[in-house]
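Only one structure is covered here, and it is reproduced in the block below.
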Amino acid sequence: MQPRLPPLNALRAFEAAARQLSFKKAAAELSVTPAAISHQIKLLEEFLDLALFNRLTRALELTPAGAAMLPRVQEGFASLLAAVEATRRKETGGIVTLCAPPSFAARWLVPRLGSFTRAHPDIDLRLSSSVAMIDKVERDVDTASDEHGHDLMIRFGRGIYPGYAVDRLFSPAYIPVCNPALVDGDRPLRNPADLRRHTLIHDATVPELDERPGWDQWLELADVGYLKGKMRAIHFQDGALALAAAVTGQGVALAARPMISADVADGRLAIPFPLSIPSRYAYFVCTPTATAKRPTVLALRTWLIREAARERAADRNSQARVGTPE
C-alpha cells in the first residue's frame, strides 16, 4: 500500500517554525495563531511518534530528528512549487502564431509588440505577414481564411469570416503623407491643388477602390478632381513599400492614419493636408472558434483588442486637437 503522508498543514507549520525557530514568527508568516502552529506540530510529532523540537524556556531548538527532516521537507515543498509553476506555464505559455497584412504587421503591430512580450514572457509569438489577409472580390473569403492554420489572423476586409470569432479592431481613414521636406520645399504644399507639382504614390494592395479609397476619391473630396490622371505616379503592390517611398521623399502617399502615427510623431512623415477619407474595409482579429478561449490565444486576442481601443482613442484625441474633418 502507498505510505500515508502527514497532513500538509502540519508540514507547512513545521517548515516555518523550524526555519525561524519560533512558533510566533511561523504563525505570523502563515497568518494563523501561535497556538495553531503548536497544535499542528503536535499532530505531526504524534504522526511520527517522535519529538521534532526541544521546547526550552525562552527558546526553541530542533531535535536531531527535526534537523534531519527540515531540508527534506523544504526540498519537497520546492518540488511541489516547481510542479505548480510548470503546469501554469504550460497553460499560459507556449507558441502562438499570428498572420497579418504586411503594412499592418510592419507599421502598427511590430512597434507595439514589446508591451505584449513583457506582459507574457512565457508566450512564444510567431508572426508572419501575407497579402492573403486582405479580402479581394475574386477570392472566396470563407475558404481563404481557412488556408493558413494560424492561431490568430488579422484580416483587412468586410468582417465576414464563418467559423471564426471575429473582433473588429478599427477602420482606418486615409490621409496624405510625405517627407516633411516636401511640405515647405521648392514646391510647397499649401493646398490640395499644389499636388499637381508632385508625384502621387499609389498603394494598389487593395484593388477594389470602393473598399480601400485611392487618390481619385481623395482628390474629388478635396475639390481638385480635375487633377485626376494629370500627375506623375508610382504604383506599389505593397503598402509598406508605398510608405517607404513617401518617407524617402519620392512623392505623396495616401496612407491609413494608424499606420503612420509613429512616423509622424518621429518626424519621418508629415501630413500636408488634414482631410481624410474613410475606408469601408476594417481590420479584424479572427480566431478559430474551437481555440478562441485557449489561454495563450486569448491573451494575444485580448491584447490586440486593447491596443486597438487605445489607437481609436488616440485618433479621436488627435482629431479633436487639430479639428480634422472626416
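Labels for the C-alpha cells follow display order: chains A, B, ..., residues from 1 in each chain, ligands from 1.
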Find the nearest atom pair between each residue of region 154-222 of chain A and region 282-297 of chain A for residues within 7 Å, count only C-alpha atoms, give distances in Å to one decimal, sort rows by chain and ascending number, and present the table as a tab-separated table.
```
residue	atom	partner	partner_atom	distance
A:Ile154	CA	A:Val285	CA	4.6
A:Arg155	CA	A:Phe284	CA	5.2
A:Phe156	CA	A:Tyr283	CA	4.5
A:Gly157	CA	A:Ala282	CA	5.5
A:Arg158	CA	A:Ala282	CA	6.6
A:Gly159	CA	A:Phe284	CA	6.5
A:Gly163	CA	A:Thr289	CA	6.1
A:Tyr164	CA	A:Pro288	CA	4.4
A:Ala165	CA	A:Thr287	CA	5.1
A:Val166	CA	A:Cys286	CA	4.7
A:Asp167	CA	A:Val285	CA	5.3
A:Arg168	CA	A:Phe284	CA	4.4
A:Leu169	CA	A:Phe284	CA	5.3
A:Phe170	CA	A:Tyr283	CA	5.6
A:Ser171	CA	A:Ala282	CA	4.0
A:Pro172	CA	A:Ala282	CA	6.7
```
Can I get the selected residues back with N, CA and C atoms, as an mmCIF file, in the first residue's frame?
```cif
data_model
loop_
_atom_site.group_PDB
_atom_site.id
_atom_site.type_symbol
_atom_site.label_atom_id
_atom_site.label_comp_id
_atom_site.auth_asym_id
_atom_site.auth_seq_id
_atom_site.Cartn_x
_atom_site.Cartn_y
_atom_site.Cartn_z
ATOM 1 N N ILE A 154 -5.023 38.635 -38.551
ATOM 2 C CA ILE A 154 -5.565 39.977 -38.724
ATOM 3 C C ILE A 154 -6.023 40.076 -40.169
ATOM 4 N N ARG A 155 -7.317 40.251 -40.370
ATOM 5 C CA ARG A 155 -7.867 40.372 -41.713
ATOM 6 C C ARG A 155 -8.268 41.817 -41.977
ATOM 7 N N PHE A 156 -8.004 42.275 -43.187
ATOM 8 C CA PHE A 156 -8.445 43.597 -43.624
ATOM 9 C C PHE A 156 -9.540 43.365 -44.650
ATOM 10 N N GLY A 157 -10.762 43.629 -44.257
ATOM 11 C CA GLY A 157 -11.857 43.321 -45.162
ATOM 12 C C GLY A 157 -13.207 43.667 -44.587
ATOM 13 N N ARG A 158 -14.190 42.814 -44.884
ATOM 14 C CA ARG A 158 -15.579 43.109 -44.567
ATOM 15 C C ARG A 158 -16.036 42.527 -43.239
ATOM 16 N N GLY A 159 -15.243 41.639 -42.654
ATOM 17 C CA GLY A 159 -15.599 41.074 -41.365
ATOM 18 C C GLY A 159 -16.466 39.837 -41.434
ATOM 19 N N GLY A 163 -16.944 30.543 -38.957
ATOM 20 C CA GLY A 163 -16.090 29.607 -38.247
ATOM 21 C C GLY A 163 -15.043 30.280 -37.382
ATOM 22 N N TYR A 164 -15.068 31.598 -37.347
ATOM 23 C CA TYR A 164 -14.083 32.341 -36.574
ATOM 24 C C TYR A 164 -14.767 33.265 -35.574
ATOM 25 N N ALA A 165 -14.144 33.445 -34.420
ATOM 26 C CA ALA A 165 -14.528 34.524 -33.519
ATOM 27 C C ALA A 165 -13.910 35.799 -34.084
ATOM 28 N N VAL A 166 -14.726 36.772 -34.421
ATOM 29 C CA VAL A 166 -14.276 37.959 -35.139
ATOM 30 C C VAL A 166 -14.445 39.196 -34.253
ATOM 31 N N ASP A 167 -13.356 39.910 -34.032
ATOM 32 C CA ASP A 167 -13.376 41.145 -33.245
ATOM 33 C C ASP A 167 -12.874 42.295 -34.120
ATOM 34 N N ARG A 168 -13.680 43.317 -34.255
ATOM 35 C CA ARG A 168 -13.298 44.483 -35.065
ATOM 36 C C ARG A 168 -12.288 45.325 -34.300
ATOM 37 N N LEU A 169 -11.170 45.623 -34.956
ATOM 38 C CA LEU A 169 -10.152 46.461 -34.338
ATOM 39 C C LEU A 169 -10.396 47.930 -34.662
ATOM 40 N N PHE A 170 -10.316 48.301 -35.920
ATOM 41 C CA PHE A 170 -10.632 49.673 -36.328
ATOM 42 C C PHE A 170 -10.724 49.739 -37.840
ATOM 43 N N SER A 171 -11.412 50.750 -38.310
ATOM 44 C CA SER A 171 -11.492 51.032 -39.745
ATOM 45 C C SER A 171 -10.655 52.278 -40.011
ATOM 46 N N PRO A 172 -9.610 52.169 -40.791
ATOM 47 C CA PRO A 172 -8.703 53.307 -40.950
ATOM 48 C C PRO A 172 -9.256 54.371 -41.886
#
```
List the spatial neighbours of Asp186 (chain A) as a list in words - criterion: any atom at most 12 Å away, only C-alpha atoms, same-chain residues fewer than 5 positions off excluded.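 Skipping anything fewer than 5 positions along the chain leaves Ala181, Asp194, Arg197 and His198 of chain A.
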Can you write out the residues you just picked, keeping C-alpha atoms, as a PDB file, in the first residue's frame?
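Result file out.pdb:
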```pdb
ATOM      1  CA  ALA A 181      10.938  68.454 -46.574  1.00  0.00           C
ATOM      2  CA  ASP A 194      -0.300  72.056 -55.141  1.00  0.00           C
ATOM      3  CA  ARG A 197       3.638  69.537 -58.985  1.00  0.00           C
ATOM      4  CA  HIS A 198       4.333  66.306 -57.072  1.00  0.00           C
TER       5      HIS A 198
END
```
So, counting only C-alpha atoms, which residue among A:Arg112, A:Asp49, A:His150, A:Pro272 is closest to Pro188 (chain A)? A:Pro272
Which of A:Arg4, A:Arg19, A:Arg196, A:Lys230 sits closest to Val73 (chain A) [using only C-alpha atoms]: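 When distances to Val73 (chain A) are compared using only C-alpha atoms, the smallest one comes from A:Arg19.
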Near-Ser261 (chain A) list (10 Å; only C-alpha atoms; drop same-chain fewer than 3 positions) as a VMD selection string: chain A and resid 107 to 108 256 to 258 264 to 267 269 to 270 311 314 to 315
Using only C-alpha atoms, determine which residues lie at most 10 Å from Asn54 (chain A), disregarding the query and same-chain residues fewer than 6 positions distant; provide the list as a ChimeraX atom specification. /A:60-64,66
For the helix (DSSP H, G or I) assignment from backbone DSSP, which residues of region 168-263 of chain A qualify? Please present them as a PDB file with N, CA and C atoms, in the first residue's frame.
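Once everything was written out, this is states_4.pdb:
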```pdb
ATOM      1  N   PRO A 180       8.649  65.466 -44.583  1.00  0.00           N
ATOM      2  CA  PRO A 180       8.449  66.856 -44.152  1.00  0.00           C
ATOM      3  C   PRO A 180       9.131  67.881 -45.049  1.00  0.00           C
ATOM      4  N   ALA A 181      10.232  67.504 -45.717  1.00  0.00           N
ATOM      5  CA  ALA A 181      10.938  68.454 -46.574  1.00  0.00           C
ATOM      6  C   ALA A 181      10.085  68.892 -47.763  1.00  0.00           C
ATOM      7  N   LEU A 182       9.131  68.064 -48.173  1.00  0.00           N
ATOM      8  CA  LEU A 182       8.287  68.438 -49.312  1.00  0.00           C
ATOM      9  C   LEU A 182       7.267  69.503 -48.948  1.00  0.00           C
ATOM     10  N   VAL A 183       6.863  69.546 -47.700  1.00  0.00           N
ATOM     11  CA  VAL A 183       5.796  70.478 -47.306  1.00  0.00           C
ATOM     12  C   VAL A 183       6.237  71.927 -47.501  1.00  0.00           C
ATOM     13  N   PRO A 192      -4.507  71.541 -51.614  1.00  0.00           N
ATOM     14  CA  PRO A 192      -4.530  70.325 -52.438  1.00  0.00           C
ATOM     15  C   PRO A 192      -4.147  70.536 -53.895  1.00  0.00           C
ATOM     16  N   ALA A 193      -4.409  71.713 -54.462  1.00  0.00           N
ATOM     17  CA  ALA A 193      -4.047  71.966 -55.856  1.00  0.00           C
ATOM     18  C   ALA A 193      -2.541  71.900 -56.080  1.00  0.00           C
ATOM     19  N   ASP A 194      -1.757  72.111 -55.018  1.00  0.00           N
ATOM     20  CA  ASP A 194      -0.300  72.056 -55.141  1.00  0.00           C
ATOM     21  C   ASP A 194       0.209  70.649 -55.432  1.00  0.00           C
ATOM     22  N   LEU A 195      -0.640  69.653 -55.286  1.00  0.00           N
ATOM     23  CA  LEU A 195      -0.234  68.287 -55.580  1.00  0.00           C
ATOM     24  C   LEU A 195       0.117  68.087 -57.053  1.00  0.00           C
ATOM     25  N   ARG A 196      -0.345  68.985 -57.913  1.00  0.00           N
ATOM     26  CA  ARG A 196      -0.087  68.839 -59.351  1.00  0.00           C
ATOM     27  C   ARG A 196       1.406  68.885 -59.657  1.00  0.00           C
ATOM     28  N   ARG A 197       2.193  69.426 -58.757  1.00  0.00           N
ATOM     29  CA  ARG A 197       3.638  69.537 -58.985  1.00  0.00           C
ATOM     30  C   ARG A 197       4.418  68.418 -58.286  1.00  0.00           C
ATOM     31  N   TRP A 215      -6.359  57.717 -54.573  1.00  0.00           N
ATOM     32  CA  TRP A 215      -6.152  59.134 -54.832  1.00  0.00           C
ATOM     33  C   TRP A 215      -7.325  59.768 -55.592  1.00  0.00           C
ATOM     34  N   ASP A 216      -7.931  59.055 -56.519  1.00  0.00           N
ATOM     35  CA  ASP A 216      -9.048  59.654 -57.267  1.00  0.00           C
ATOM     36  C   ASP A 216     -10.164  60.078 -56.325  1.00  0.00           C
ATOM     37  N   GLN A 217     -10.481  59.223 -55.364  1.00  0.00           N
ATOM     38  CA  GLN A 217     -11.540  59.570 -54.411  1.00  0.00           C
ATOM     39  C   GLN A 217     -11.137  60.743 -53.522  1.00  0.00           C
ATOM     40  N   TRP A 218      -9.871  60.749 -53.100  1.00  0.00           N
ATOM     41  CA  TRP A 218      -9.441  61.844 -52.230  1.00  0.00           C
ATOM     42  C   TRP A 218      -9.431  63.174 -52.978  1.00  0.00           C
ATOM     43  N   LEU A 219      -8.972  63.174 -54.216  1.00  0.00           N
ATOM     44  CA  LEU A 219      -8.942  64.416 -54.993  1.00  0.00           C
ATOM     45  C   LEU A 219     -10.349  64.970 -55.203  1.00  0.00           C
ATOM     46  N   GLU A 220     -11.308  64.081 -55.436  1.00  0.00           N
ATOM     47  CA  GLU A 220     -12.693  64.529 -55.560  1.00  0.00           C
ATOM     48  C   GLU A 220     -13.173  65.151 -54.255  1.00  0.00           C
ATOM     49  N   LEU A 221     -12.861  64.513 -53.158  1.00  0.00           N
ATOM     50  CA  LEU A 221     -13.281  65.023 -51.856  1.00  0.00           C
ATOM     51  C   LEU A 221     -12.650  66.384 -51.565  1.00  0.00           C
ATOM     52  N   GLY A 225     -10.745  67.409 -58.246  1.00  0.00           N
ATOM     53  CA  GLY A 225     -10.897  66.230 -59.088  1.00  0.00           C
ATOM     54  C   GLY A 225     -10.364  66.426 -60.492  1.00  0.00           C
ATOM     55  N   TYR A 226     -10.244  67.681 -60.940  1.00  0.00           N
ATOM     56  CA  TYR A 226      -9.718  67.957 -62.272  1.00  0.00           C
ATOM     57  C   TYR A 226      -8.252  67.542 -62.410  1.00  0.00           C
ATOM     58  N   LEU A 227      -7.578  67.239 -61.296  1.00  0.00           N
ATOM     59  CA  LEU A 227      -6.177  66.821 -61.361  1.00  0.00           C
ATOM     60  C   LEU A 227      -6.020  65.326 -61.663  1.00  0.00           C
ATOM     61  N   GLY A 239       1.766  48.020 -49.375  1.00  0.00           N
ATOM     62  CA  GLY A 239       1.595  49.275 -48.669  1.00  0.00           C
ATOM     63  C   GLY A 239       2.835  49.716 -47.921  1.00  0.00           C
ATOM     64  N   ALA A 240       3.614  48.747 -47.398  1.00  0.00           N
ATOM     65  CA  ALA A 240       4.838  49.094 -46.682  1.00  0.00           C
ATOM     66  C   ALA A 240       5.839  49.772 -47.616  1.00  0.00           C
ATOM     67  N   LEU A 241       5.914  49.300 -48.877  1.00  0.00           N
ATOM     68  CA  LEU A 241       6.817  49.922 -49.842  1.00  0.00           C
ATOM     69  C   LEU A 241       6.342  51.319 -50.212  1.00  0.00           C
ATOM     70  N   ALA A 242       5.028  51.488 -50.322  1.00  0.00           N
ATOM     71  CA  ALA A 242       4.488  52.811 -50.638  1.00  0.00           C
ATOM     72  C   ALA A 242       4.865  53.814 -49.554  1.00  0.00           C
ATOM     73  N   LEU A 243       4.758  53.405 -48.296  1.00  0.00           N
ATOM     74  CA  LEU A 243       5.125  54.312 -47.212  1.00  0.00           C
ATOM     75  C   LEU A 243       6.623  54.556 -47.169  1.00  0.00           C
ATOM     76  N   ALA A 244       7.417  53.533 -47.479  1.00  0.00           N
ATOM     77  CA  ALA A 244       8.868  53.728 -47.528  1.00  0.00           C
ATOM     78  C   ALA A 244       9.240  54.753 -48.586  1.00  0.00           C
ATOM     79  N   ALA A 245       8.539  54.718 -49.713  1.00  0.00           N
ATOM     80  CA  ALA A 245       8.787  55.707 -50.768  1.00  0.00           C
ATOM     81  C   ALA A 245       8.435  57.108 -50.295  1.00  0.00           C
ATOM     82  N   ALA A 246       7.349  57.232 -49.530  1.00  0.00           N
ATOM     83  CA  ALA A 246       6.964  58.544 -49.002  1.00  0.00           C
ATOM     84  C   ALA A 246       7.994  59.051 -48.000  1.00  0.00           C
ATOM     85  N   VAL A 247       8.489  58.170 -47.142  1.00  0.00           N
ATOM     86  CA  VAL A 247       9.482  58.564 -46.143  1.00  0.00           C
ATOM     87  C   VAL A 247      10.742  59.097 -46.808  1.00  0.00           C
ATOM     88  N   ARG A 257      -4.276  56.203 -41.519  1.00  0.00           N
ATOM     89  CA  ARG A 257      -3.794  57.013 -40.400  1.00  0.00           C
ATOM     90  C   ARG A 257      -3.115  56.191 -39.299  1.00  0.00           C
ATOM     91  N   PRO A 258      -3.670  55.049 -38.871  1.00  0.00           N
ATOM     92  CA  PRO A 258      -2.996  54.307 -37.797  1.00  0.00           C
ATOM     93  C   PRO A 258      -1.612  53.794 -38.166  1.00  0.00           C
ATOM     94  N   MET A 259      -1.350  53.634 -39.475  1.00  0.00           N
ATOM     95  CA  MET A 259      -0.064  53.078 -39.888  1.00  0.00           C
ATOM     96  C   MET A 259       1.056  54.116 -39.909  1.00  0.00           C
ATOM     97  N   ILE A 260       0.694  55.381 -39.795  1.00  0.00           N
ATOM     98  CA  ILE A 260       1.735  56.425 -39.936  1.00  0.00           C
ATOM     99  C   ILE A 260       1.885  57.277 -38.679  1.00  0.00           C
ATOM    100  N   SER A 261       1.158  56.951 -37.614  1.00  0.00           N
ATOM    101  CA  SER A 261       1.211  57.799 -36.419  1.00  0.00           C
ATOM    102  C   SER A 261       2.615  57.873 -35.830  1.00  0.00           C
ATOM    103  N   ALA A 262       3.319  56.735 -35.779  1.00  0.00           N
ATOM    104  CA  ALA A 262       4.676  56.741 -35.215  1.00  0.00           C
ATOM    105  C   ALA A 262       5.628  57.532 -36.094  1.00  0.00           C
ATOM    106  N   ASP A 263       5.503  57.403 -37.420  1.00  0.00           N
ATOM    107  CA  ASP A 263       6.372  58.139 -38.336  1.00  0.00           C
ATOM    108  C   ASP A 263       6.133  59.644 -38.246  1.00  0.00           C
TER     109      ASP A 263
END
```
When you count only C-alpha atoms, which of these residues is closest to Asp151 (chain A): A:Tyr281, A:Thr97, A:Gly114, A:Gln40?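 Smallest separation from Asp151 (chain A) among the options: A:Thr97.
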Residues within 12 Å of Phe77 (chain A), please, as a PyMOL selection string. Count only C-alpha atoms; anything in the same chain fewer than 6 positions from it doesn't count. chain A and resi 8-9+11-12+14-16+70-71+83-84
Please give the complete set of residues from region 31-94 of chain A that DSSP, run on the backbone, assigns to strand (DSSP E), formatted as a ChimeraX atom specification. /A:53-55,60-62,94
Quick one: residues within 6 Å of Leu98 (chain A), only C-alpha atoms counted, chain neighbours fewer than 3 positions away excluded, as a ChimeraX atom specification? /A:127,150,152-153
Could you write those residues out with N, CA and C atoms, as a PDB file, in the first residue's frame?
```pdb
ATOM      1  N   LEU A 127       5.170  35.526 -35.693  1.00  0.00           N
ATOM      2  CA  LEU A 127       4.456  36.492 -36.517  1.00  0.00           C
ATOM      3  C   LEU A 127       4.866  36.356 -37.977  1.00  0.00           C
ATOM      4  N   HIS A 150      -3.282  29.406 -38.820  1.00  0.00           N
ATOM      5  CA  HIS A 150      -2.718  30.223 -37.755  1.00  0.00           C
ATOM      6  C   HIS A 150      -3.645  30.235 -36.555  1.00  0.00           C
ATOM      7  N   LEU A 152      -4.223  32.929 -34.774  1.00  0.00           N
ATOM      8  CA  LEU A 152      -4.984  34.157 -34.974  1.00  0.00           C
ATOM      9  C   LEU A 152      -4.575  34.776 -36.306  1.00  0.00           C
ATOM     10  N   MET A 153      -5.481  35.541 -36.892  1.00  0.00           N
ATOM     11  CA  MET A 153      -5.182  36.273 -38.112  1.00  0.00           C
ATOM     12  C   MET A 153      -5.741  37.681 -37.982  1.00  0.00           C
TER      13      MET A 153
END
```
